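Visitor: Have a peek at coords.txt (compact mmCIF, N, CA and C atoms).
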# COMPACT_ATOMS: atom_id res chain seq x y z
N MET J 1 0.65 22.25 3.66
CA MET J 1 1.47 21.28 2.97
C MET J 1 2.82 21.18 3.66
N ARG J 2 3.33 19.98 3.73
CA ARG J 2 4.66 19.71 4.26
C ARG J 2 5.42 18.92 3.21
N TYR J 3 6.72 19.15 3.12
CA TYR J 3 7.50 18.40 2.12
C TYR J 3 8.95 18.32 2.53
N SER J 4 9.64 17.41 1.87
CA SER J 4 11.09 17.30 1.96
C SER J 4 11.58 16.79 0.61
N GLU J 5 12.88 16.83 0.40
CA GLU J 5 13.45 16.32 -0.84
C GLU J 5 14.09 14.96 -0.61
N ALA J 6 14.16 14.20 -1.67
CA ALA J 6 14.85 12.91 -1.66
C ALA J 6 15.51 12.76 -3.03
N ARG J 7 16.35 11.77 -3.15
CA ARG J 7 16.93 11.49 -4.46
C ARG J 7 16.70 10.03 -4.79
N ALA J 8 16.76 9.73 -6.07
CA ALA J 8 16.47 8.37 -6.54
C ALA J 8 17.60 7.42 -6.18
N GLY J 9 17.22 6.22 -5.81
CA GLY J 9 18.17 5.16 -5.51
C GLY J 9 17.98 4.01 -6.48
N ARG J 10 18.01 2.81 -5.95
CA ARG J 10 17.86 1.61 -6.77
C ARG J 10 16.42 1.50 -7.29
N ILE J 11 16.26 0.78 -8.38
CA ILE J 11 14.94 0.47 -8.92
C ILE J 11 14.84 -1.05 -8.97
N PHE J 12 13.76 -1.58 -8.42
CA PHE J 12 13.54 -3.02 -8.38
C PHE J 12 12.32 -3.39 -9.22
N VAL J 13 12.46 -4.44 -10.02
CA VAL J 13 11.35 -5.01 -10.77
C VAL J 13 10.97 -6.30 -10.03
N ILE J 14 9.73 -6.38 -9.57
CA ILE J 14 9.31 -7.44 -8.66
C ILE J 14 8.12 -8.20 -9.26
N ARG J 15 8.15 -9.50 -9.13
CA ARG J 15 7.00 -10.33 -9.50
C ARG J 15 6.48 -10.98 -8.23
N LEU J 16 5.25 -10.68 -7.88
CA LEU J 16 4.59 -11.31 -6.76
C LEU J 16 3.89 -12.56 -7.25
N GLU J 17 3.86 -13.59 -6.42
CA GLU J 17 3.36 -14.90 -6.83
C GLU J 17 1.96 -15.17 -6.28
N ASP J 18 1.31 -16.15 -6.88
CA ASP J 18 -0.04 -16.56 -6.52
C ASP J 18 -0.19 -16.79 -5.01
N GLY J 19 -1.20 -16.15 -4.44
CA GLY J 19 -1.51 -16.35 -3.03
C GLY J 19 -0.79 -15.43 -2.06
N GLU J 20 0.23 -14.71 -2.52
CA GLU J 20 0.95 -13.81 -1.62
C GLU J 20 0.06 -12.62 -1.25
N ILE J 21 0.27 -12.09 -0.05
CA ILE J 21 -0.46 -10.91 0.42
C ILE J 21 0.42 -9.70 0.11
N VAL J 22 -0.12 -8.77 -0.68
CA VAL J 22 0.67 -7.68 -1.26
C VAL J 22 1.46 -6.90 -0.21
N HIS J 23 0.79 -6.36 0.81
CA HIS J 23 1.51 -5.49 1.74
C HIS J 23 2.57 -6.27 2.52
N GLU J 24 2.31 -7.53 2.82
CA GLU J 24 3.29 -8.32 3.56
C GLU J 24 4.55 -8.55 2.73
N VAL J 25 4.37 -8.91 1.46
CA VAL J 25 5.51 -9.20 0.59
C VAL J 25 6.35 -7.95 0.35
N ILE J 26 5.70 -6.82 0.07
CA ILE J 26 6.44 -5.59 -0.21
C ILE J 26 7.18 -5.11 1.04
N GLU J 27 6.53 -5.16 2.20
CA GLU J 27 7.20 -4.74 3.44
C GLU J 27 8.37 -5.67 3.79
N ASP J 28 8.19 -6.98 3.60
CA ASP J 28 9.29 -7.93 3.83
C ASP J 28 10.45 -7.66 2.88
N PHE J 29 10.13 -7.39 1.62
CA PHE J 29 11.16 -7.09 0.62
C PHE J 29 11.94 -5.83 1.02
N ALA J 30 11.22 -4.79 1.44
CA ALA J 30 11.88 -3.55 1.87
C ALA J 30 12.81 -3.81 3.05
N ARG J 31 12.36 -4.61 3.99
CA ARG J 31 13.19 -4.94 5.15
C ARG J 31 14.44 -5.71 4.71
N GLU J 32 14.25 -6.72 3.85
CA GLU J 32 15.36 -7.55 3.38
C GLU J 32 16.40 -6.75 2.60
N LYS J 33 15.95 -5.83 1.77
CA LYS J 33 16.85 -5.03 0.93
C LYS J 33 17.29 -3.73 1.60
N LYS J 34 16.88 -3.55 2.86
CA LYS J 34 17.24 -2.35 3.63
C LYS J 34 16.79 -1.07 2.90
N ILE J 35 15.56 -1.11 2.42
CA ILE J 35 14.95 0.05 1.76
C ILE J 35 14.22 0.85 2.82
N ASN J 36 14.65 2.07 3.03
CA ASN J 36 14.03 2.94 4.02
C ASN J 36 12.77 3.60 3.48
N ALA J 37 12.81 4.03 2.23
CA ALA J 37 11.68 4.74 1.63
C ALA J 37 11.61 4.40 0.15
N ALA J 38 10.38 4.39 -0.38
CA ALA J 38 10.21 4.05 -1.79
C ALA J 38 8.84 4.49 -2.28
N ALA J 39 8.72 4.54 -3.60
CA ALA J 39 7.43 4.70 -4.28
C ALA J 39 7.29 3.50 -5.19
N LEU J 40 6.04 3.09 -5.47
CA LEU J 40 5.88 1.95 -6.34
C LEU J 40 4.60 2.02 -7.15
N ILE J 41 4.64 1.29 -8.27
CA ILE J 41 3.45 1.04 -9.07
C ILE J 41 3.29 -0.48 -9.14
N ILE J 42 2.05 -0.93 -9.24
CA ILE J 42 1.79 -2.37 -9.21
C ILE J 42 0.57 -2.68 -10.07
N LEU J 43 0.60 -3.84 -10.72
CA LEU J 43 -0.56 -4.27 -11.49
C LEU J 43 -0.60 -5.78 -11.59
N GLY J 44 -1.80 -6.31 -11.79
CA GLY J 44 -1.97 -7.75 -11.92
C GLY J 44 -3.35 -8.16 -11.52
N GLY J 45 -3.46 -9.34 -10.93
CA GLY J 45 -4.75 -9.87 -10.52
C GLY J 45 -4.89 -9.91 -9.02
N ALA J 46 -6.04 -9.43 -8.53
CA ALA J 46 -6.39 -9.52 -7.10
C ALA J 46 -7.37 -10.67 -6.94
N ASP J 47 -7.06 -11.59 -6.07
CA ASP J 47 -7.86 -12.80 -5.91
C ASP J 47 -9.16 -12.52 -5.16
N GLY J 48 -10.15 -13.37 -5.40
CA GLY J 48 -11.38 -13.31 -4.62
C GLY J 48 -11.04 -13.48 -3.14
N GLY J 49 -11.77 -12.80 -2.29
CA GLY J 49 -11.48 -12.81 -0.85
C GLY J 49 -10.55 -11.71 -0.41
N SER J 50 -9.94 -11.00 -1.36
CA SER J 50 -9.09 -9.84 -1.02
C SER J 50 -9.96 -8.76 -0.39
N THR J 51 -9.37 -8.01 0.53
CA THR J 51 -10.12 -6.97 1.24
C THR J 51 -9.48 -5.61 1.01
N LEU J 52 -10.31 -4.62 0.67
CA LEU J 52 -9.88 -3.23 0.52
C LEU J 52 -10.59 -2.37 1.55
N VAL J 53 -9.88 -1.38 2.07
CA VAL J 53 -10.51 -0.35 2.91
C VAL J 53 -11.02 0.70 1.94
N VAL J 54 -12.34 0.93 1.94
CA VAL J 54 -12.96 1.78 0.92
C VAL J 54 -13.47 3.11 1.48
N GLY J 55 -13.08 3.45 2.68
CA GLY J 55 -13.45 4.75 3.22
C GLY J 55 -13.90 4.66 4.66
N PRO J 56 -14.10 5.82 5.28
CA PRO J 56 -14.65 5.84 6.63
C PRO J 56 -16.18 5.68 6.56
N ARG J 57 -16.74 5.04 7.57
CA ARG J 57 -18.19 4.85 7.62
C ARG J 57 -18.91 6.20 7.61
N ASN J 58 -18.43 7.15 8.40
CA ASN J 58 -18.99 8.50 8.44
C ASN J 58 -17.85 9.50 8.27
N ASP J 59 -18.08 10.51 7.47
CA ASP J 59 -17.02 11.42 7.03
C ASP J 59 -16.11 11.95 8.13
N ARG J 60 -16.65 12.47 9.20
CA ARG J 60 -15.84 13.17 10.20
C ARG J 60 -15.92 12.58 11.59
N ASP J 61 -16.57 11.45 11.76
CA ASP J 61 -16.70 10.85 13.09
C ASP J 61 -15.35 10.36 13.61
N LEU J 62 -15.13 10.53 14.90
CA LEU J 62 -13.96 10.00 15.58
C LEU J 62 -14.43 9.15 16.74
N PRO J 63 -13.83 8.01 16.96
CA PRO J 63 -12.76 7.44 16.16
C PRO J 63 -13.27 7.04 14.77
N VAL J 64 -12.35 6.98 13.83
CA VAL J 64 -12.68 6.63 12.46
C VAL J 64 -13.09 5.15 12.41
N ALA J 65 -14.23 4.89 11.80
CA ALA J 65 -14.70 3.52 11.60
C ALA J 65 -14.52 3.18 10.12
N PRO J 66 -13.51 2.36 9.78
CA PRO J 66 -13.27 2.06 8.38
C PRO J 66 -14.33 1.13 7.79
N MET J 67 -14.63 1.35 6.52
CA MET J 67 -15.48 0.43 5.76
C MET J 67 -14.56 -0.43 4.91
N THR J 68 -14.89 -1.70 4.77
CA THR J 68 -14.10 -2.59 3.93
C THR J 68 -15.00 -3.21 2.88
N ARG J 69 -14.37 -3.67 1.83
CA ARG J 69 -15.08 -4.37 0.76
C ARG J 69 -14.27 -5.60 0.40
N VAL J 70 -14.90 -6.75 0.47
CA VAL J 70 -14.25 -8.01 0.11
C VAL J 70 -14.59 -8.29 -1.35
N LEU J 71 -13.57 -8.57 -2.13
CA LEU J 71 -13.78 -8.92 -3.54
C LEU J 71 -14.32 -10.35 -3.61
N ALA J 72 -15.50 -10.51 -4.18
CA ALA J 72 -16.12 -11.82 -4.26
C ALA J 72 -15.43 -12.72 -5.29
N GLU J 73 -14.85 -12.08 -6.32
CA GLU J 73 -14.21 -12.83 -7.40
C GLU J 73 -12.88 -12.17 -7.76
N VAL J 74 -12.16 -12.78 -8.67
CA VAL J 74 -10.91 -12.24 -9.17
C VAL J 74 -11.18 -10.91 -9.88
N HIS J 75 -10.28 -9.92 -9.67
CA HIS J 75 -10.37 -8.62 -10.32
C HIS J 75 -9.02 -8.26 -10.94
N GLU J 76 -9.06 -7.52 -12.04
CA GLU J 76 -7.86 -6.89 -12.56
C GLU J 76 -7.51 -5.75 -11.61
N ALA J 77 -6.22 -5.49 -11.38
CA ALA J 77 -5.84 -4.51 -10.36
C ALA J 77 -4.66 -3.66 -10.82
N ALA J 78 -4.71 -2.38 -10.43
CA ALA J 78 -3.59 -1.47 -10.66
C ALA J 78 -3.54 -0.51 -9.48
N GLY J 79 -2.33 -0.22 -9.01
CA GLY J 79 -2.22 0.65 -7.86
C GLY J 79 -0.91 1.39 -7.81
N THR J 80 -0.86 2.32 -6.87
CA THR J 80 0.34 3.10 -6.62
C THR J 80 0.45 3.36 -5.13
N GLY J 81 1.67 3.46 -4.65
CA GLY J 81 1.83 3.64 -3.22
C GLY J 81 3.22 4.08 -2.82
N THR J 82 3.42 4.15 -1.51
CA THR J 82 4.71 4.54 -0.94
C THR J 82 5.06 3.61 0.21
N VAL J 83 6.34 3.54 0.49
CA VAL J 83 6.86 2.83 1.66
C VAL J 83 7.67 3.83 2.46
N PHE J 84 7.32 3.98 3.73
CA PHE J 84 8.10 4.79 4.67
C PHE J 84 8.10 4.07 6.01
N PRO J 85 9.13 4.27 6.82
CA PRO J 85 9.18 3.58 8.11
C PRO J 85 8.23 4.19 9.11
N ASP J 86 7.77 3.34 10.04
CA ASP J 86 7.00 3.85 11.17
C ASP J 86 7.97 4.32 12.26
N GLU J 87 7.45 4.67 13.40
CA GLU J 87 8.28 5.21 14.48
C GLU J 87 9.31 4.20 15.00
N GLU J 88 9.06 2.90 14.79
CA GLU J 88 10.00 1.87 15.22
C GLU J 88 10.96 1.48 14.11
N GLY J 89 10.84 2.10 12.93
CA GLY J 89 11.74 1.80 11.83
C GLY J 89 11.25 0.69 10.91
N ASN J 90 10.04 0.19 11.13
CA ASN J 90 9.48 -0.86 10.28
C ASN J 90 8.91 -0.27 9.00
N PRO J 91 9.19 -0.87 7.84
CA PRO J 91 8.62 -0.35 6.60
C PRO J 91 7.10 -0.54 6.59
N VAL J 92 6.39 0.51 6.18
CA VAL J 92 4.94 0.46 6.10
C VAL J 92 4.52 0.87 4.69
N LEU J 93 3.84 -0.04 4.01
CA LEU J 93 3.32 0.23 2.68
C LEU J 93 1.96 0.91 2.78
N HIS J 94 1.81 2.02 2.08
CA HIS J 94 0.51 2.68 1.92
C HIS J 94 0.21 2.63 0.44
N LEU J 95 -0.70 1.74 0.05
CA LEU J 95 -0.97 1.44 -1.35
C LEU J 95 -2.47 1.51 -1.61
N HIS J 96 -2.85 2.30 -2.59
CA HIS J 96 -4.24 2.32 -3.04
C HIS J 96 -4.31 1.62 -4.37
N MET J 97 -5.36 0.82 -4.53
CA MET J 97 -5.49 -0.02 -5.71
C MET J 97 -6.90 0.08 -6.25
N ALA J 98 -7.00 0.14 -7.57
CA ALA J 98 -8.30 0.06 -8.24
C ALA J 98 -8.43 -1.36 -8.78
N CYS J 99 -9.53 -2.02 -8.42
CA CYS J 99 -9.76 -3.40 -8.82
C CYS J 99 -11.05 -3.48 -9.61
N GLY J 100 -10.98 -3.96 -10.85
CA GLY J 100 -12.15 -3.97 -11.71
C GLY J 100 -12.50 -5.33 -12.25
N ARG J 101 -13.82 -5.50 -12.49
CA ARG J 101 -14.33 -6.73 -13.11
C ARG J 101 -15.66 -6.40 -13.77
N GLN J 102 -15.77 -6.71 -15.04
CA GLN J 102 -17.01 -6.55 -15.80
C GLN J 102 -17.67 -5.19 -15.61
N GLY J 103 -16.90 -4.13 -15.76
CA GLY J 103 -17.45 -2.78 -15.71
C GLY J 103 -17.64 -2.19 -14.33
N GLU J 104 -17.32 -2.93 -13.29
CA GLU J 104 -17.43 -2.41 -11.93
C GLU J 104 -16.03 -2.29 -11.33
N THR J 105 -15.74 -1.16 -10.71
CA THR J 105 -14.44 -0.93 -10.10
C THR J 105 -14.60 -0.60 -8.63
N VAL J 106 -13.74 -1.20 -7.82
CA VAL J 106 -13.65 -0.90 -6.39
C VAL J 106 -12.25 -0.35 -6.16
N THR J 107 -12.16 0.79 -5.51
CA THR J 107 -10.88 1.40 -5.23
C THR J 107 -10.72 1.55 -3.72
N GLY J 108 -9.54 1.23 -3.23
CA GLY J 108 -9.32 1.39 -1.80
C GLY J 108 -7.89 1.08 -1.41
N CYS J 109 -7.65 1.13 -0.11
CA CYS J 109 -6.34 0.86 0.48
C CYS J 109 -6.19 -0.64 0.71
N THR J 110 -5.01 -1.16 0.45
CA THR J 110 -4.76 -2.60 0.51
C THR J 110 -4.38 -3.12 1.89
N ARG J 111 -4.34 -2.25 2.90
CA ARG J 111 -3.78 -2.65 4.20
C ARG J 111 -4.53 -3.78 4.90
N SER J 112 -5.76 -4.08 4.47
CA SER J 112 -6.51 -5.18 5.09
C SER J 112 -6.25 -6.53 4.44
N GLY J 113 -5.50 -6.54 3.34
CA GLY J 113 -5.09 -7.81 2.75
C GLY J 113 -5.61 -8.05 1.35
N VAL J 114 -4.78 -7.74 0.36
CA VAL J 114 -5.08 -8.08 -1.03
C VAL J 114 -4.18 -9.26 -1.40
N LYS J 115 -4.82 -10.32 -1.88
CA LYS J 115 -4.11 -11.55 -2.23
C LYS J 115 -3.90 -11.60 -3.74
N VAL J 116 -2.70 -11.97 -4.15
CA VAL J 116 -2.34 -12.07 -5.56
C VAL J 116 -3.06 -13.25 -6.21
N TRP J 117 -3.66 -12.99 -7.37
CA TRP J 117 -4.22 -14.05 -8.21
C TRP J 117 -3.23 -14.31 -9.33
N HIS J 118 -2.56 -15.40 -9.28
CA HIS J 118 -1.52 -15.84 -10.22
C HIS J 118 -0.29 -14.93 -10.22
N VAL J 119 -0.43 -13.65 -10.54
CA VAL J 119 0.76 -12.81 -10.62
C VAL J 119 0.40 -11.34 -10.48
N MET J 120 1.30 -10.59 -9.85
CA MET J 120 1.28 -9.12 -9.86
C MET J 120 2.70 -8.69 -10.18
N GLU J 121 2.81 -7.58 -10.87
CA GLU J 121 4.10 -7.01 -11.19
C GLU J 121 4.21 -5.65 -10.52
N ALA J 122 5.36 -5.38 -9.94
CA ALA J 122 5.59 -4.09 -9.28
C ALA J 122 6.94 -3.54 -9.71
N VAL J 123 7.00 -2.22 -9.79
CA VAL J 123 8.27 -1.53 -9.95
C VAL J 123 8.40 -0.63 -8.73
N LEU J 124 9.46 -0.85 -7.97
CA LEU J 124 9.68 -0.12 -6.73
C LEU J 124 10.88 0.81 -6.91
N PHE J 125 10.67 2.09 -6.64
CA PHE J 125 11.68 3.12 -6.81
C PHE J 125 12.17 3.56 -5.42
N GLU J 126 13.38 3.19 -5.09
CA GLU J 126 13.93 3.54 -3.78
C GLU J 126 14.17 5.06 -3.70
N LEU J 127 13.86 5.64 -2.55
CA LEU J 127 14.10 7.06 -2.28
C LEU J 127 15.20 7.17 -1.23
N LEU J 128 16.24 7.94 -1.55
CA LEU J 128 17.38 8.10 -0.65
C LEU J 128 17.39 9.50 -0.05
N ASP J 129 18.16 9.64 1.01
CA ASP J 129 18.39 10.94 1.67
C ASP J 129 17.09 11.59 2.14
N THR J 130 16.18 10.77 2.66
CA THR J 130 14.97 11.31 3.25
C THR J 130 14.84 10.79 4.68
N LYS J 131 14.38 11.64 5.54
CA LYS J 131 14.15 11.26 6.94
C LYS J 131 12.64 11.14 7.20
N ALA J 132 11.86 11.09 6.13
CA ALA J 132 10.41 10.98 6.27
C ALA J 132 10.05 9.72 7.05
N VAL J 133 9.02 9.83 7.88
CA VAL J 133 8.58 8.73 8.73
C VAL J 133 7.06 8.81 8.89
N ARG J 134 6.45 7.66 9.19
CA ARG J 134 5.02 7.64 9.50
C ARG J 134 4.87 7.65 11.02
N ARG J 135 4.15 8.66 11.54
CA ARG J 135 3.91 8.76 12.98
C ARG J 135 2.42 8.79 13.26
N THR J 136 2.04 8.13 14.34
CA THR J 136 0.64 8.14 14.76
C THR J 136 0.27 9.53 15.19
N GLU J 137 -0.83 10.04 14.62
CA GLU J 137 -1.26 11.41 14.88
C GLU J 137 -2.70 11.45 15.35
N PRO J 138 -2.93 12.07 16.52
CA PRO J 138 -4.32 12.28 16.93
C PRO J 138 -4.95 13.34 16.04
N PRO J 139 -6.21 13.46 15.88
CA PRO J 139 -7.23 12.66 16.56
C PRO J 139 -7.58 11.38 15.82
N THR J 140 -7.05 11.15 14.60
CA THR J 140 -7.44 9.98 13.82
C THR J 140 -6.68 8.71 14.25
N ASN J 141 -5.51 8.91 14.84
CA ASN J 141 -4.59 7.80 15.17
C ASN J 141 -4.10 7.06 13.93
N PHE J 142 -4.14 7.72 12.77
CA PHE J 142 -3.54 7.18 11.55
C PHE J 142 -2.02 7.38 11.65
N LYS J 143 -1.27 6.46 11.02
CA LYS J 143 0.18 6.66 10.90
C LYS J 143 0.40 7.55 9.69
N LEU J 144 0.56 8.85 9.92
CA LEU J 144 0.65 9.83 8.85
C LEU J 144 2.10 10.15 8.50
N LEU J 145 2.31 10.41 7.22
CA LEU J 145 3.63 10.74 6.73
C LEU J 145 4.09 12.09 7.26
N GLN J 146 5.28 12.09 7.83
CA GLN J 146 5.95 13.32 8.32
C GLN J 146 7.18 13.51 7.43
N PRO J 147 7.05 14.37 6.40
CA PRO J 147 8.17 14.50 5.46
C PRO J 147 9.37 15.16 6.09
Can the structure in the file be given as structure tokens, please?

Guide:
Amino acid sequence: MRYSEARAGRIFVIRLEDGEIVHEVIEDFAREKKINAAALIILGGADGGSTLVVGPRNDRDLPVAPMTRVLAEVHEAAGTGTVFPDEEGNPVLHLHMACGRQGETVTGCTRSGVKVWHVMEAVLFELLDTKAVRRTEPPTNFKLLQP
């Protein structure tokens, strides 16, 4: 385990609009508001055609081959995630979301593009005094959090 401490900063209440792509909007917002690090919760509707990364094709194979799932229809959605900068200082959202419809739930990472259906609500909690960063790490080549 690795860790560092941070302290709470600003809190933002955000409404995402119909058709917006979740990770793009949150990363743009972080850049605009000069948010270096944050945690967030989000809920609302995920539109049909949204894509989630639902795991690796094979547990330990390298390179990692991600599996994706496209939502055929609108789903109710709830998620939680973090924002930390990459090695170039760009904010990167890592958000996992559970999307459900009629008793079936798909859970995965939103980095492939989840589109808002009418509205999503997010509360973003800024984290201050942290030097945490996401760095590309072999052998997976994932941008992993370095606290």

Visitor: For CA of Arg60 (chain J) and atom C of Thr140 (chain J), quote the distance in Å rounded to one decimal.

Guide: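 Interatomic distance here is 11.0 Å.
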
Visitor: May I have the residues within 5 Å of Leu127 (chain J) as a list in words, using all atoms listed in the file and disregarding those fewer than 4 positions away in the same chain?

Guide: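 Those residues are Arg7, Gly9, Ala37 and Ala38 of chain J.
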
Visitor: Output N, CA and C atoms of each residue in that selection to a file, as a short mmCIF file (atom, residue, chain, number, x, y, z; two decimals), keeping the file's coordinate frame.

Guide:
data_model
loop_
_atom_site.label_atom_id
_atom_site.label_comp_id
_atom_site.auth_asym_id
_atom_site.auth_seq_id
_atom_site.Cartn_x
_atom_site.Cartn_y
_atom_site.Cartn_z
N ARG J 7 16.35 11.77 -3.15
CA ARG J 7 16.93 11.49 -4.46
C ARG J 7 16.70 10.03 -4.79
N GLY J 9 17.22 6.22 -5.81
CA GLY J 9 18.17 5.16 -5.51
C GLY J 9 17.98 4.01 -6.48
N ALA J 37 12.81 4.03 2.23
CA ALA J 37 11.68 4.74 1.63
C ALA J 37 11.61 4.40 0.15
N ALA J 38 10.38 4.39 -0.38
CA ALA J 38 10.21 4.05 -1.79
C ALA J 38 8.84 4.49 -2.28
#

Visitor: Nearest residue to Ile11 (chain J) out of J:Leu52, J:Thr136, J:Val123, J:Pro91, using all atoms listed in the file?

Guide: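 Checking each of J:Leu52, J:Thr136, J:Val123, J:Pro91 against Ile11 (chain J), counting all atoms listed in the file, the winner is J:Val123.
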
Visitor: List every residue of region 8-140 of chain J that DSSP, applied to the backbone, labels as helix (DSSP H, G or I), and write the result as a PyMOL selection string.

Guide: chain J and resi 22-32+110-112

Visitor: Taking only N, CA and C atoms into account, name the residue in J:Arg134, J:His96, J:Arg15, J:Arg57 that is nearest to Arg111 (chain J).

Guide: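 Closest to Arg111 (chain J), using only N, CA and C atoms: J:His96.
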
Visitor: Give me the residues of region 47-139 of chain J that have any atom at most 6 Å from an atom of region 16-35 of chain J; for each, the nearest atom pair and the distance in Å, rounded to one decimal. Use only N, CA and C atoms, sort by chain and number, and format it as JSON lines.

Guide:
{"residue": "J:Pro91", "atom": "C", "partner": "J:Glu27", "partner_atom": "CA", "distance": 5.3}
{"residue": "J:Val92", "atom": "N", "partner": "J:Glu27", "partner_atom": "CA", "distance": 6.0}
{"residue": "J:Leu93", "atom": "N", "partner": "J:Glu27", "partner_atom": "CA", "distance": 5.8}
{"residue": "J:Gly113", "atom": "C", "partner": "J:Val22", "partner_atom": "N", "distance": 5.9}
{"residue": "J:Val114", "atom": "C", "partner": "J:Val22", "partner_atom": "N", "distance": 4.2}
{"residue": "J:Lys115", "atom": "CA", "partner": "J:Glu20", "partner_atom": "C", "distance": 4.4}
{"residue": "J:Val116", "atom": "C", "partner": "J:Gly19", "partner_atom": "N", "distance": 3.9}
{"residue": "J:Trp117", "atom": "C", "partner": "J:Asp18", "partner_atom": "CA", "distance": 4.8}
{"residue": "J:His118", "atom": "C", "partner": "J:Asp18", "partner_atom": "N", "distance": 3.9}
{"residue": "J:Val119", "atom": "CA", "partner": "J:Leu16", "partner_atom": "C", "distance": 4.6}
{"residue": "J:Met120", "atom": "C", "partner": "J:Leu16", "partner_atom": "N", "distance": 4.0}
{"residue": "J:Glu121", "atom": "N", "partner": "J:Leu16", "partner_atom": "N", "distance": 5.0}
{"residue": "J:Ala122", "atom": "N", "partner": "J:Leu16", "partner_atom": "N", "distance": 5.7}

Visitor: Name the closest residue to Arg10 (chain J) among the candidates J:Glu137, J:Glu104, J:Glu126, J:Glu73; distances are taken between atoms, counting only N, CA and C atoms.

Guide: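 Selected residue with least distance to Arg10 (chain J): J:Glu126.
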
Visitor: Write out as an NGL selection string the residues lying within 6 Å of Leu95 (chain J), counting only N, CA and C atoms and excluding same-chain residues fewer than 3 positions away.

Guide: :J and (80-82 or 108-110)

Visitor: Once you have the residues from the selection above, write them out as a PDB file, in the coordinates of the input, restricted to N, CA and C atoms.

Guide:
ATOM      1  N   THR J  80      -0.860   2.320  -6.870  1.00  0.00           N
ATOM      2  CA  THR J  80       0.340   3.100  -6.620  1.00  0.00           C
ATOM      3  C   THR J  80       0.450   3.360  -5.130  1.00  0.00           C
ATOM      4  N   GLY J  81       1.670   3.460  -4.650  1.00  0.00           N
ATOM      5  CA  GLY J  81       1.830   3.640  -3.220  1.00  0.00           C
ATOM      6  C   GLY J  81       3.220   4.080  -2.820  1.00  0.00           C
ATOM      7  N   THR J  82       3.420   4.150  -1.510  1.00  0.00           N
ATOM      8  CA  THR J  82       4.710   4.540  -0.940  1.00  0.00           C
ATOM      9  C   THR J  82       5.060   3.610   0.210  1.00  0.00           C
ATOM     10  N   GLY J 108      -9.540   1.230  -3.230  1.00  0.00           N
ATOM     11  CA  GLY J 108      -9.320   1.390  -1.800  1.00  0.00           C
ATOM     12  C   GLY J 108      -7.890   1.080  -1.410  1.00  0.00           C
ATOM     13  N   CYS J 109      -7.650   1.130  -0.110  1.00  0.00           N
ATOM     14  CA  CYS J 109      -6.340   0.860   0.480  1.00  0.00           C
ATOM     15  C   CYS J 109      -6.190  -0.640   0.710  1.00  0.00           C
ATOM     16  N   THR J 110      -5.010  -1.160   0.450  1.00  0.00           N
ATOM     17  CA  THR J 110      -4.760  -2.600   0.510  1.00  0.00           C
ATOM     18  C   THR J 110      -4.380  -3.120   1.890  1.00  0.00           C
TER      19      THR J 110
END

Visitor: Excluding Gly100 (chain J) and any residue of its chain fewer than 6 positions from it, enumerate the residues within 12 Å of it, using only C-alpha atoms, and give them as a short mmCIF file (atom, residue, chain, number, x, y, z; two decimals) with N, CA and C atoms, keeping the file's coordinate frame.

Guide:
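What follows is the written file selection.cif:
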data_model
loop_
_atom_site.label_atom_id
_atom_site.label_comp_id
_atom_site.auth_asym_id
_atom_site.auth_seq_id
_atom_site.Cartn_x
_atom_site.Cartn_y
_atom_site.Cartn_z
N LEU J 43 0.60 -3.84 -10.72
CA LEU J 43 -0.56 -4.27 -11.49
C LEU J 43 -0.60 -5.78 -11.59
N GLY J 44 -1.80 -6.31 -11.79
CA GLY J 44 -1.97 -7.75 -11.92
C GLY J 44 -3.35 -8.16 -11.52
N GLY J 45 -3.46 -9.34 -10.93
CA GLY J 45 -4.75 -9.87 -10.52
C GLY J 45 -4.89 -9.91 -9.02
N ALA J 46 -6.04 -9.43 -8.53
CA ALA J 46 -6.39 -9.52 -7.10
C ALA J 46 -7.37 -10.67 -6.94
N ASP J 47 -7.06 -11.59 -6.07
CA ASP J 47 -7.86 -12.80 -5.91
C ASP J 47 -9.16 -12.52 -5.16
N GLY J 48 -10.15 -13.37 -5.40
CA GLY J 48 -11.38 -13.31 -4.62
C GLY J 48 -11.04 -13.48 -3.14
N LEU J 71 -13.57 -8.57 -2.13
CA LEU J 71 -13.78 -8.92 -3.54
C LEU J 71 -14.32 -10.35 -3.61
N ALA J 72 -15.50 -10.51 -4.18
CA ALA J 72 -16.12 -11.82 -4.26
C ALA J 72 -15.43 -12.72 -5.29
N GLU J 73 -14.85 -12.08 -6.32
CA GLU J 73 -14.21 -12.83 -7.40
C GLU J 73 -12.88 -12.17 -7.76
N VAL J 74 -12.16 -12.78 -8.67
CA VAL J 74 -10.91 -12.24 -9.17
C VAL J 74 -11.18 -10.91 -9.88
N HIS J 75 -10.28 -9.92 -9.67
CA HIS J 75 -10.37 -8.62 -10.32
C HIS J 75 -9.02 -8.26 -10.94
N GLU J 76 -9.06 -7.52 -12.04
CA GLU J 76 -7.86 -6.89 -12.56
C GLU J 76 -7.51 -5.75 -11.61
N ALA J 77 -6.22 -5.49 -11.38
CA ALA J 77 -5.84 -4.51 -10.36
C ALA J 77 -4.66 -3.66 -10.82
N ALA J 78 -4.71 -2.38 -10.43
CA ALA J 78 -3.59 -1.47 -10.66
C ALA J 78 -3.54 -0.51 -9.48
N GLY J 79 -2.33 -0.22 -9.01
CA GLY J 79 -2.22 0.65 -7.86
C GLY J 79 -0.91 1.39 -7.81
N VAL J 106 -13.74 -1.20 -7.82
CA VAL J 106 -13.65 -0.90 -6.39
C VAL J 106 -12.25 -0.35 -6.16
N THR J 107 -12.16 0.79 -5.51
CA THR J 107 -10.88 1.40 -5.23
C THR J 107 -10.72 1.55 -3.72
N GLY J 108 -9.54 1.23 -3.23
CA GLY J 108 -9.32 1.39 -1.80
C GLY J 108 -7.89 1.08 -1.41
#

Visitor: Rounded to one decimal, what separation in Å do you get between atom N of Asn141 (chain J) and atom N of Glu5 (chain J)?

Guide: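 Separating atom N of Asn141 (chain J) from atom N of Glu5 (chain J) is a distance of 24.7 Å.
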
Visitor: Build an axis-aligned box that encloses every atom of region 116-132 of chain J listed in the file, pad it by 6 Å on each side, and report its centre and edge lengths in Å to one decimal, as JSON.

Guide:
{"center_x": 7.1, "center_y": -2.1, "center_z": -2.0, "size_x": 34.6, "size_y": 39.5, "size_z": 30.4}
